[in-house]
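Structure, as structure tokens:
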Amino acid sequence: MDRCSREAAWLVPFVCVGLVILALLRAEPRFTVSGPARTVVDGEGLPVAIAEPFRGAVFTWGPGIGAKTLLEAARAPEKLASVGTREDREDFAHEFWSRIFPAMLEDDRLWDEPQLGYARGAVVEQERALAMEAGAFFGGGFGPAKLLRQLGIPTLYFQRAENWDDYQAAAARLIANVAGHPDRAEELIAQDRKGYAELAAELGTVPVVEQARVLVMGTSSPYYVKVVNNSYQPYLVSAEVRNATVGLSGQQQDAERILSMDPDFIFLMARGKSPREFMADPLWRGMKAVRAKRVYRTLGEGGGGLPGLTDAPVLVRWIAEVVYPDRLRPTMRQQLRERYMPRFGYRMSEAEVDADLHLDVNLGSAGYERFTRE
């Protein structure tokens with residue numbers, strides 16, 4: 001008997017591998033719920049049963065879409081089952097969403113747990129998900145969302161898209177549909193498209209030979225840059241500017257590569273050195289943009305990050321107004337002040353507009369006086 005056991009022992013690893021493969025290849029479950037429900041088709045075409053009344057959404061780590069997309073798309077904070085940690089709550093308190101939905105900060109149930117991920121291990125994350133008793137989970141075809149789907153928990157995947165705006169639009173439609181407000185996503189998408197169309201009509205087409213070369217970068221070595229295959233690239237195209245990183249790959253670059261790009265304009269990420277500090281650094285003084293004082297901190301709280309659909313056309317206009325001031329009317333302050341009125345009934349104060357424009361650090365840069373109060 002011992003001899004047979006020893007001879008069969010070598011088969012065990014292969015059997016285990018085979019079982020794992022079979023588990024991964026098994027068909028994903030069809031979601032069923034007891035009681036009243038409705039069916040929603042997710043971004044990959046899978047029908048998912050959602051219990052009624054809806055118990056709230058939870059967003060898993062990975063796809064880049066989270067609770068703020070639900071707020072933007074559905075305007076329904078009551079449809080959230082969880083947002084994040086206590087630290088996330090502190091960050092949220094400094095964002096404009098907290099001014100639009102102030103009651104969220106007082107709702108303790110939203111701020112107990114981090115986004116579902118792998119931090120505590122797959123089994124723990126699954127236990128956490130079950131304990132939340134949410135109406136639906138959102139994610140991508142990988143990571144915790146895939147694990148939840150294998151358990152038969154109602155989980156919806158987002159639709160893949162070629163660019164960030166289209167990806168967000170598809171996600172907004174899915175989220176708003178689950179939340180019961182599909183019309184609100186269509187309003188958001190229409191506002192986004194209208195902003196781009198109005199800018200294009202006013203800016204016109206800038207001949208390629210006349211387009212400014214711009215660089216969006218961080219200020220810590222190795223230097224993070226927005227290369228042409230980054231999701232940020234369509235915003236530069238819409239602003240009729242060229243990305244100075246053309247021909248380079250990799251989003252981490254050394255100082256020598258940055259100097260060799262020698263762009264006409266530099267847009268700095270929100271965290272890091274200010275334009276004044278950057279321009280005062282002897283390392284960069286020989287660059288064309290620095291000599292002309294065309295270095296700016298990028299618009300918004302998370303300047304340089306990927307914007308939502310409400311903010312994207314405004315960001316593109318800001319880039320275009322900085323680069324082509326003679327082609328556009330100086331309406332940036334008005335656009336910032338009014339951007340949340342149509343859908344959220346929130347008008348930004350002059351101080352909030354100043355903060356979004358980073359007037360405290362950008363006023364030393366060329367032409368930025370156009371963005372000051374009248």
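Identifiers in this document derive from the order of the structure tokens: chains are assigned A, B, ..., residues are numbered from 1 separately in each chain, and ligands are numbered from 1 in order of occurrence.
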- Task: Would you mind listing what lies within 12 Å of A:Ser365 as a VMD selection string, with only C-alpha atoms counted and same-chain residues fewer than 2 positions away left out?
- Result: chain A and resid 265 to 267 274 to 279 289 to 297 322 to 323 358 to 363 367 to 371
- Separation of atom CA of A:Phe138 from atom CA of A:Glu301 in Å: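 One can read the atom CA of A:Glu301 to atom CA of A:Phe138 distance as 25.5 Å.
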- Members of stretch 114-353 of chain A assigned alpha helix (DSSP H) by DSSP, as a PyMOL selection string: chain A and resi 122-132+143-150+164-179+182-203+233-238+255-261+275-280+288-291+312-323+332-338+341-344+350-353
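Here the question is which of A:Pro282, A:Lys273, A:Gly152, A:Val216 gets nearest to A:Leu299 using only C-alpha atoms, and that residue is A:Val216.
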- Task: From stretch 100-326 of chain A, collect each residue whose DSSP state is strand (DSSP E or B) and return the set as a PyMOL selection string.
- Result: chain A and resi 116+136-139+155-157+213-217+223-225+242-243+252-253+265-268+295-297
- Query: Could you pull the residues within 12 Å of A:Glu78, counting only C-alpha atoms, minus those fewer than 4 positions along the same chain, as a PyMOL selection string?
  - Reply: chain A and resi 54-57+67+70-71+74+82-83+101+103-104+107+109-110+179-180
- Query: Nearest to A:Ser249 among A:Ile153, A:Ala161, A:Ala270, A:Val227, with distances taken over only C-alpha atoms: which residue is it?
  - Reply: A:Val227
- Item | Nearest residue to A:Gln335 from the set A:Ile175, A:Leu215, A:Ala366, A:Leu199 (distances using only C-alpha atoms) |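 Once distances to A:Gln335 are computed over only C-alpha atoms, the minimum belongs to A:Leu199.
Candidate residues A:Gly308, A:Gly250, A:Gly84, A:Pro330 were compared for distance to A:Ala169, and the nearest is A:Gly308, using only C-alpha atoms.
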- Task: Check the smallest atom-to-atom distance from each of A:Leu315, A:Gly272, A:Thr60, A:Val241 to A:Glu210 using only C-alpha atoms, then report the winner.
- Result: A:Val241
- Selected residue, from A:Pro313, A:Tyr196, A:Phe96, A:Phe158, that lies nearest to A:Ser349 when counting only C-alpha atoms: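 Among the listed residues, A:Phe96 lies closest to A:Ser349.
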- Residues within 6 Å of A:Tyr224, only C-alpha atoms, excluding chain neighbours under 3 positions, as a PyMOL selection string: chain A and resi 217-218+251-252
- Message: Env of A:Gly302: 9 Å cut, atoms = only C-alpha atoms, seq-sep filter 5 positions within chain, self excluded. Answer as a list in words.
- Response: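 Here the qualifying residues turn out to be Met269, Ala270, Arg271 and Pro307 of chain A.
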Okay, now the selection with N, CA, C and O atoms, as a compact mmCIF listing (two decimals), in the first residue's frame?
```txt
# COMPACT_ATOMS: atom_id res chain seq x y z
N MET A 269 1.38 68.16 -13.00
CA MET A 269 0.37 67.43 -12.23
C MET A 269 0.10 68.18 -10.93
O MET A 269 0.92 68.97 -10.46
N ALA A 270 -1.04 67.89 -10.30
CA ALA A 270 -1.51 68.66 -9.14
C ALA A 270 -0.57 68.58 -7.95
O ALA A 270 -0.35 69.57 -7.27
N ARG A 271 -0.01 67.41 -7.67
CA ARG A 271 0.85 67.27 -6.51
C ARG A 271 2.31 67.36 -6.94
O ARG A 271 2.72 66.72 -7.89
N PRO A 307 -10.43 63.18 -15.91
CA PRO A 307 -11.64 63.86 -15.44
C PRO A 307 -12.89 63.05 -15.68
O PRO A 307 -12.92 62.14 -16.51
```
